[in-house]
file model-v8.txt (compact mmCIF, C-alpha atoms)
# COMPACT_ATOMS: atom_id res chain seq x y z
CA GLY A 253 2.17 -4.28 -0.68
CA LEU A 254 -0.18 -5.40 2.03
CA VAL A 255 -2.57 -8.03 0.66
CA SER A 256 -5.57 -9.55 2.40
CA LYS A 257 -7.81 -11.09 -0.30
CA PRO A 258 -7.53 -11.79 -4.04
CA GLU A 259 -10.15 -9.24 -5.12
CA THR A 260 -8.15 -6.40 -3.56
CA ALA A 261 -4.69 -7.95 -3.97
CA GLY A 262 -4.95 -8.01 -7.76
CA PRO A 263 -5.35 -4.25 -8.23
CA LEU A 264 -2.68 -3.54 -5.58
CA LEU A 265 -0.24 -5.89 -7.33
CA ASP A 266 -0.98 -4.24 -10.68
CA LEU A 267 -0.23 -0.87 -9.09
CA ALA A 268 3.00 -2.19 -7.54
CA PHE A 269 4.02 -3.61 -10.93
CA LEU A 270 3.54 -0.18 -12.55
CA MET A 271 5.43 1.63 -9.82
CA ARG A 272 8.32 -0.78 -9.35
CA ASP A 273 11.89 0.14 -10.10
CA LYS A 274 12.77 -2.23 -12.93
CA ALA A 275 16.45 -1.94 -11.98
CA LEU A 276 15.73 -3.68 -8.66
CA PRO A 277 14.43 -7.22 -9.35
CA GLY A 278 12.58 -8.79 -6.45
CA SER A 279 11.87 -5.42 -4.94
CA ILE A 280 8.14 -6.11 -4.44
CA TYR A 281 7.21 -7.80 -1.16
CA PRO A 282 3.58 -8.94 -0.98
CA LEU A 283 2.78 -9.17 2.71
CA THR A 284 -0.19 -10.71 4.43
CA ILE A 285 -0.81 -10.48 8.15
CA VAL A 286 -2.59 -13.30 9.94
CA ARG A 287 -4.13 -12.19 13.20
CA GLU A 288 -3.65 -14.47 16.17
CA GLN A 289 -6.93 -16.30 16.62
CA ALA A 290 -8.48 -19.63 17.55
CA GLU A 291 -8.35 -20.90 13.95
CA LEU A 292 -4.74 -19.80 13.44
CA GLU A 293 -3.65 -22.85 11.43
CA ARG A 294 -6.49 -22.39 8.92
CA ALA A 295 -5.82 -18.64 8.69
CA VAL A 296 -2.13 -19.33 7.96
CA VAL A 297 -3.07 -21.78 5.19
CA ASP A 298 -5.43 -19.17 3.69
CA GLY A 299 -2.68 -16.56 3.89
CA GLU A 300 -0.18 -18.87 2.22
CA ASN A 301 -2.70 -19.60 -0.54
CA LEU A 302 -3.19 -15.88 -1.11
CA LEU A 303 0.57 -15.32 -1.33
CA GLY A 304 0.83 -18.25 -3.75
CA TRP A 305 -1.82 -16.58 -5.91
CA CYS A 306 0.19 -13.32 -5.79
CA MET A 307 3.38 -15.13 -6.79
CA SER A 308 1.59 -16.83 -9.68
CA ARG A 309 0.24 -13.47 -10.91
CA ALA A 310 3.74 -11.97 -10.73
CA ALA A 311 5.27 -14.94 -12.54
CA SER A 312 2.76 -14.54 -15.38
CA ALA A 313 3.97 -10.93 -15.74
CA ASP A 314 7.61 -12.08 -15.46
CA ILE A 315 8.12 -10.11 -12.25
CA GLN A 316 10.14 -11.49 -9.36
CA MET A 317 8.74 -11.00 -5.84
CA ASN A 318 9.53 -12.02 -2.28
CA ALA A 319 6.32 -12.87 -0.41
CA SER A 320 5.99 -12.77 3.36
CA LEU A 321 3.40 -13.96 5.87
CA ARG A 322 3.38 -12.64 9.44
CA VAL A 323 1.37 -13.64 12.48
CA ALA A 324 0.55 -10.74 14.79
CA MET A 325 -2.01 -9.55 17.31
CA ASN A 326 -3.21 -6.95 14.80
CA VAL A 327 -2.49 -5.90 11.23
CA GLY A 328 -0.79 -2.64 12.23
CA ASP A 329 1.76 -4.35 14.45
CA GLY A 330 2.43 -6.98 11.80
CA VAL A 331 3.10 -4.35 9.14
CA LEU A 332 5.30 -2.28 11.45
CA HIS A 333 7.41 -5.32 12.37
CA ALA A 334 7.72 -6.36 8.72
CA THR A 335 8.81 -2.87 7.64
CA ALA A 336 11.42 -2.84 10.41
CA GLU A 337 12.84 -6.11 9.06
CA LEU A 338 12.47 -5.58 5.30
CA HIS A 339 13.27 -1.84 5.10
CA PRO A 340 10.93 -1.11 2.17
CA THR A 341 10.95 2.33 0.59
CA MET A 342 7.15 2.27 0.37
CA VAL A 343 4.22 0.44 1.92
CA LEU A 344 1.26 0.09 -0.42
CA ALA A 345 -2.06 -0.76 1.22
CA GLY A 346 -5.68 -0.76 0.20
CA TRP A 347 -8.08 1.69 1.80
CA ALA A 348 -11.81 1.05 2.03
CA GLY A 349 -12.62 4.60 3.12
CA GLU A 350 -14.75 3.46 6.02
CA GLN A 351 -14.18 3.58 9.74
CA LYS A 352 -15.00 0.68 12.03
CA THR A 353 -16.17 1.01 15.63
CA THR A 354 -12.88 -0.43 16.91
CA SER A 355 -11.02 2.25 14.92
CA ARG A 356 -12.89 4.96 16.78
CA LEU A 357 -11.89 3.40 20.11
CA PHE A 358 -8.29 2.36 19.45
CA GLY A 359 -7.27 4.42 16.41
CA SER A 360 -7.37 3.26 12.82
CA PHE A 361 -4.81 1.25 10.90
CA VAL A 362 -4.15 4.33 8.75
CA GLU A 363 -3.52 6.54 11.80
CA ARG A 364 -1.20 3.94 13.30
CA MET A 365 0.81 3.63 10.10
CA VAL A 366 1.08 7.40 9.65
CA ARG A 367 2.39 7.78 13.20
CA HIS A 368 4.81 4.87 13.36
CA CYS A 369 5.83 3.58 9.92
CA ALA A 370 9.24 4.77 8.71
CA ALA A 371 8.57 3.89 5.06
CA ARG A 372 6.64 6.08 2.63
CA LEU A 373 2.96 5.12 2.76
CA MET A 374 0.51 4.87 -0.08
CA PHE A 375 -3.10 4.06 0.78
CA CYS A 376 -5.11 3.26 -2.32
CA ARG A 377 -8.78 2.93 -3.01
CA LEU A 378 -8.98 1.07 -6.31
CA PRO A 379 -12.66 0.47 -7.09
CA HIS A 380 -11.97 -0.07 -10.82
CA PRO A 381 -9.17 -1.61 -12.91
CA LEU A 382 -6.20 0.73 -13.30
CA ASN A 383 -6.61 1.01 -17.07
CA THR A 384 -10.11 2.50 -16.59
CA ILE A 385 -9.13 5.16 -14.06
CA GLN A 386 -9.58 8.63 -15.48
CA ARG A 387 -8.46 10.71 -12.50
CA LEU A 388 -5.73 10.06 -9.95
CA LEU A 389 -6.14 11.99 -6.69
CA VAL A 390 -3.06 12.28 -4.47
CA VAL A 391 -3.52 13.86 -1.06
CA PHE A 392 -0.56 14.86 1.11
CA PRO A 393 -0.96 15.63 4.82
CA PRO A 394 -0.22 19.02 6.36
CA LEU A 395 3.49 19.82 6.62
CA ALA A 396 4.31 17.46 3.75
CA GLU A 397 6.49 20.22 2.30
CA HIS A 398 9.03 19.42 5.02
CA ARG A 399 9.53 15.85 3.82
CA LEU A 400 12.72 15.30 1.86
CA ASP A 401 11.03 12.74 -0.38
CA LEU A 402 8.12 14.97 -1.44
CA PRO A 403 9.51 15.76 -4.92
CA GLU A 404 10.13 12.04 -5.47
CA SER A 405 6.57 11.23 -4.34
CA ILE A 406 5.10 13.82 -6.69
CA GLY A 407 7.28 12.49 -9.51
CA LEU A 408 6.04 8.96 -8.83
CA ALA A 409 2.42 10.19 -8.98
CA LYS A 410 3.11 11.95 -12.29
CA ARG A 411 4.73 8.84 -13.75
CA LEU A 412 1.85 6.63 -12.62
CA ALA A 413 -0.78 9.02 -14.01
CA HIS A 414 1.08 9.09 -17.32
CA GLN A 415 1.36 5.27 -17.47
CA ILE A 416 -2.36 4.72 -16.90
CA GLY A 417 -3.45 7.74 -18.96
CA ALA A 418 -5.19 9.50 -16.09
CA GLU A 419 -5.56 13.13 -15.10
CA LEU A 420 -3.49 13.90 -12.00
CA ARG A 421 -4.74 16.03 -9.13
CA VAL A 422 -2.31 16.58 -6.26
CA TYR A 423 -3.56 18.20 -3.08
CA LEU A 424 -1.00 19.95 -0.89
CA SER A 425 -1.33 22.67 1.68
CA GLY A 426 0.49 25.94 2.13
CA GLU A 427 4.01 26.38 0.79
CA ALA A 428 4.11 22.94 -0.83
CA GLU A 429 1.74 23.98 -3.64
CA SER A 430 4.68 25.52 -5.52
CA LEU A 431 6.32 22.07 -5.81
CA ILE A 432 3.71 20.61 -8.20
call {"tool": "encode", "arguments": {"input": "model-v8.txt", "output": "C-alpha cells"}}
result
Amino acid sequence: GLVSKPETAGPLLDLAFLMRDKALPGSIYPLTIVREQAELERAVVDGENLLGWCMSRAASADIQMNASLRVAMNVGDGVLHATAELHPTMVLAGWAGEQKTTSRLFGSFVERMVRHCAARLMFCRLPHPLNTIQRLLVVFPPLAEHRLDLPESIGLAKRLAHQIGAELRVYLSGEAESLI
C-alpha cells in the first residue's frame, strides 16, 4: 500500500490486513515516496518514521511486512518504479476525491496509475474506520469485462464486504454486469 501520513496510513493498513493472503507471509509492502526537494534529508527521515510506525502497527497485529521508501521526482514515477521491482499483485492507495490544479495540467496520479501500472489498482476513500462502514462501493472502468482478473477482483470485494459486515455495490458497464 502507498502510505503518506499516519492518519491515512492506518486505515489503508487495516484494509491491507483484511485483504492479505494469509498463506503468503510478508506479502504486504508499505511504500512511501519522498519527492526530490530542497529538504530531502528531512523528508527521508519523516518517511522512515512513517514506515517505522507502519511496521509497529503490523507487529502489534502479528503481521509481517516489508516496508520500502523511494525517492522520486513525483509520486507516480516512484510507485511505477517500485511496482516494476516488487511485482505486487495489487497497489492499494488512498484517494481524496479532489483534483489539484497540477492534475488538470499534467494528469492526475490516478490517471497515470491506470495507464501505466501493471498491477491491479485499488483506490480507496476511507473517511471512517472500516468496522463502521455500512456500504462498500466498487467501481470498475469501461471494458473491465475483458480483464482476466475481474472475477477475482469481484470475489475480493465480496470477501471484504463480508468481513466488515457492509453492503456491497459493484458498478460495471455493459456485458460485465452478468458477472456479479
call {"tool": "closest_atom_pairs", "arguments": {"input": "model-v8.txt", "of": "region 303-325 of chain A", "to": "region 258-271 of chain A", "cutoff": "9 Å", "atoms": "all atoms listed in the file", "output": "CSV"}}
result
residue,atom,partner,partner_atom,distance
A:Trp305,CA,A:Pro258,CA,7.7
A:Cys306,CA,A:Ala261,CA,7.5
A:Arg309,CA,A:Gly262,CA,8.2
A:Ala310,CA,A:Leu265,CA,8.0
A:Ala313,CA,A:Phe269,CA,8.8
A:Ile315,CA,A:Phe269,CA,7.8
call {"tool": "closest_residue", "arguments": {"input": "model-v8.txt", "among": "A:Glu337, A:Pro393, A:Pro282, A:Ala290", "to": "Ser308 (chain A)", "atoms": "all atoms listed in the file"}}
result
A:Pro282
call {"tool": "atom_distance", "arguments": {"input": "model-v8.txt", "atom1": "CA of Val286 (chain A)", "atom2": "CA of Asn326 (chain A)"}}
result
8.0 Å
call {"tool": "atom_distance", "arguments": {"input": "model-v8.txt", "atom1": "CA of Ala418 (chain A)", "atom2": "CA of Ile385 (chain A)"}}
result
6.2 Å
call {"tool": "atom_distance", "arguments": {"input": "model-v8.txt", "atom1": "CA of Ala409 (chain A)", "atom2": "CA of Val422 (chain A)"}}
result
8.4 Å
call {"tool": "closest_atom_pairs", "arguments": {"input": "model-v8.txt", "of": "region 305-374 of chain A", "to": "region 402-408 of chain A", "cutoff": "12 Å", "atoms": "all atoms listed in the file", "output": "CSV"}}
result
residue,atom,partner,partner_atom,distance
A:Thr341,CA,A:Ser405,CA,11.1
A:Met342,CA,A:Ser405,CA,10.1
A:Arg372,CA,A:Ser405,CA,8.7
A:Leu373,CA,A:Ser405,CA,10.0
A:Met374,CA,A:Ser405,CA,9.8
call {"tool": "closest_residue", "arguments": {"input": "model-v8.txt", "among": "A:Leu254, A:Leu412, A:Ala324, A:Leu400", "to": "Arg387 (chain A)", "atoms": "only C-alpha atoms"}}
result
A:Leu412
call {"tool": "closest_residue", "arguments": {"input": "model-v8.txt", "among": "A:Val390, A:Val366, A:His414, A:Tyr281", "to": "Met307 (chain A)", "atoms": "all atoms listed in the file"}}
result
A:Tyr281
call {"tool": "residues_near_point", "arguments": {"input": "model-v8.txt", "point": "(7.7, 2.3, 11.0)", "cutoff": "8 Å", "atoms": "all atoms listed in the file", "output": "ChimeraX atom specification"}}
result
/A:332-333,335-336,365,367-371
call {"tool": "residues_around", "arguments": {"input": "model-v8.txt", "residues": "Glu419 (chain A)", "least_positions_apart": "3", "cutoff": "7 Å", "atoms": "all atoms listed in the file", "output": "list in words"}}
result
Gln386, Arg387, Leu388 and Ala413 of chain A
call {"tool": "closest_residue", "arguments": {"input": "model-v8.txt", "among": "A:Phe361, A:Lys274, A:Pro379, A:Ile280", "to": "Asn318 (chain A)", "atoms": "all atoms listed in the file"}}
result
A:Ile280
call {"tool": "closest_residue", "arguments": {"input": "model-v8.txt", "among": "A:Val343, A:Val391, A:Ala348, A:Leu283", "to": "Leu303 (chain A)", "atoms": "only C-alpha atoms"}}
result
A:Leu283
call {"tool": "closest_residue", "arguments": {"input": "model-v8.txt", "among": "A:Val255, A:Met317, A:Val327, A:Leu395", "to": "Val362 (chain A)", "atoms": "all atoms listed in the file"}}
result
A:Val327
call {"tool": "decode", "arguments": {"input": "model-v8.txt", "residues": "region 272-298 of chain A", "atoms": "N, CA and C atoms", "output": "mmCIF file, in the first residue's frame"}}
result
data_model
loop_
_atom_site.group_PDB
_atom_site.id
_atom_site.type_symbol
_atom_site.label_atom_id
_atom_site.label_comp_id
_atom_site.auth_asym_id
_atom_site.auth_seq_id
_atom_site.Cartn_x
_atom_site.Cartn_y
_atom_site.Cartn_z
ATOM 1 N N ARG A 272 -5.207 -9.379 2.845
ATOM 2 C CA ARG A 272 -3.984 -10.139 2.589
ATOM 3 C C ARG A 272 -4.263 -11.631 2.466
ATOM 4 N N ASP A 273 -3.381 -12.266 1.738
ATOM 5 C CA ASP A 273 -3.423 -13.722 1.619
ATOM 6 C C ASP A 273 -2.595 -14.274 2.766
ATOM 7 N N LYS A 274 -3.250 -14.870 3.735
ATOM 8 C CA LYS A 274 -2.570 -15.348 4.940
ATOM 9 C C LYS A 274 -1.540 -16.435 4.645
ATOM 10 N N ALA A 275 -1.639 -17.049 3.466
ATOM 11 C CA ALA A 275 -0.679 -18.089 3.083
ATOM 12 C C ALA A 275 0.638 -17.493 2.600
ATOM 13 N N LEU A 276 0.670 -16.179 2.395
ATOM 14 C CA LEU A 276 1.887 -15.516 1.907
ATOM 15 C C LEU A 276 2.396 -14.509 2.938
ATOM 16 N N PRO A 277 3.138 -14.948 3.957
ATOM 17 C CA PRO A 277 3.648 -14.006 4.955
ATOM 18 C C PRO A 277 4.586 -12.989 4.319
ATOM 19 N N GLY A 278 4.513 -11.771 4.808
ATOM 20 C CA GLY A 278 5.371 -10.715 4.284
ATOM 21 C C GLY A 278 4.918 -10.196 2.942
ATOM 22 N N SER A 279 3.682 -10.466 2.595
ATOM 23 C CA SER A 279 3.217 -10.079 1.269
ATOM 24 C C SER A 279 2.661 -8.664 1.208
ATOM 25 N N ILE A 280 2.738 -7.914 2.301
ATOM 26 C CA ILE A 280 2.296 -6.519 2.315
ATOM 27 C C ILE A 280 3.538 -5.638 2.288
ATOM 28 N N TYR A 281 3.552 -4.682 1.371
ATOM 29 C CA TYR A 281 4.699 -3.794 1.197
ATOM 30 C C TYR A 281 4.270 -2.344 1.377
ATOM 31 N N PRO A 282 4.300 -1.807 2.599
ATOM 32 C CA PRO A 282 4.013 -0.378 2.734
ATOM 33 C C PRO A 282 5.095 0.403 1.995
ATOM 34 N N LEU A 283 4.665 1.351 1.205
ATOM 35 C CA LEU A 283 5.572 2.125 0.364
ATOM 36 C C LEU A 283 5.303 3.596 0.585
ATOM 37 N N THR A 284 6.359 4.352 0.799
ATOM 38 C CA THR A 284 6.215 5.801 0.843
ATOM 39 C C THR A 284 7.188 6.396 -0.166
ATOM 40 N N ILE A 285 6.707 7.393 -0.863
ATOM 41 C CA ILE A 285 7.517 8.066 -1.877
ATOM 42 C C ILE A 285 7.907 9.444 -1.345
ATOM 43 N N VAL A 286 9.191 9.722 -1.360
ATOM 44 C CA VAL A 286 9.699 11.031 -0.973
ATOM 45 C C VAL A 286 10.056 11.765 -2.250
ATOM 46 N N ARG A 287 9.419 12.904 -2.445
ATOM 47 C CA ARG A 287 9.705 13.684 -3.656
ATOM 48 C C ARG A 287 11.026 14.417 -3.496
ATOM 49 N N GLU A 288 11.780 14.446 -4.582
ATOM 50 C CA GLU A 288 13.050 15.176 -4.569
ATOM 51 C C GLU A 288 12.750 16.640 -4.310
ATOM 52 N N GLN A 289 13.429 17.189 -3.300
ATOM 53 C CA GLN A 289 13.173 18.563 -2.892
ATOM 54 C C GLN A 289 14.373 19.101 -2.138
ATOM 55 N N ALA A 290 14.319 20.381 -1.794
ATOM 56 C CA ALA A 290 15.431 21.021 -1.096
ATOM 57 C C ALA A 290 15.679 20.379 0.263
ATOM 58 N N GLU A 291 14.637 20.042 0.985
ATOM 59 C CA GLU A 291 14.747 19.438 2.316
ATOM 60 C C GLU A 291 14.665 17.910 2.231
ATOM 61 N N LEU A 292 15.397 17.326 1.305
ATOM 62 C CA LEU A 292 15.299 15.891 1.046
ATOM 63 C C LEU A 292 15.648 15.054 2.276
ATOM 64 N N GLU A 293 16.722 15.412 2.968
ATOM 65 C CA GLU A 293 17.151 14.625 4.125
ATOM 66 C C GLU A 293 16.055 14.577 5.181
ATOM 67 N N ARG A 294 15.424 15.697 5.457
ATOM 68 C CA ARG A 294 14.334 15.749 6.452
ATOM 69 C C ARG A 294 13.134 14.934 5.968
ATOM 70 N N ALA A 295 12.818 15.031 4.676
ATOM 71 C CA ALA A 295 11.689 14.282 4.120
ATOM 72 C C ALA A 295 11.937 12.777 4.204
ATOM 73 N N VAL A 296 13.190 12.354 3.993
ATOM 74 C CA VAL A 296 13.535 10.933 4.101
ATOM 75 C C VAL A 296 13.369 10.461 5.544
ATOM 76 N N VAL A 297 13.807 11.265 6.503
ATOM 77 C CA VAL A 297 13.648 10.909 7.916
ATOM 78 C C VAL A 297 12.158 10.786 8.259
ATOM 79 N N ASP A 298 11.348 11.729 7.789
ATOM 80 C CA ASP A 298 9.902 11.663 8.034
ATOM 81 C C ASP A 298 9.303 10.403 7.410
#
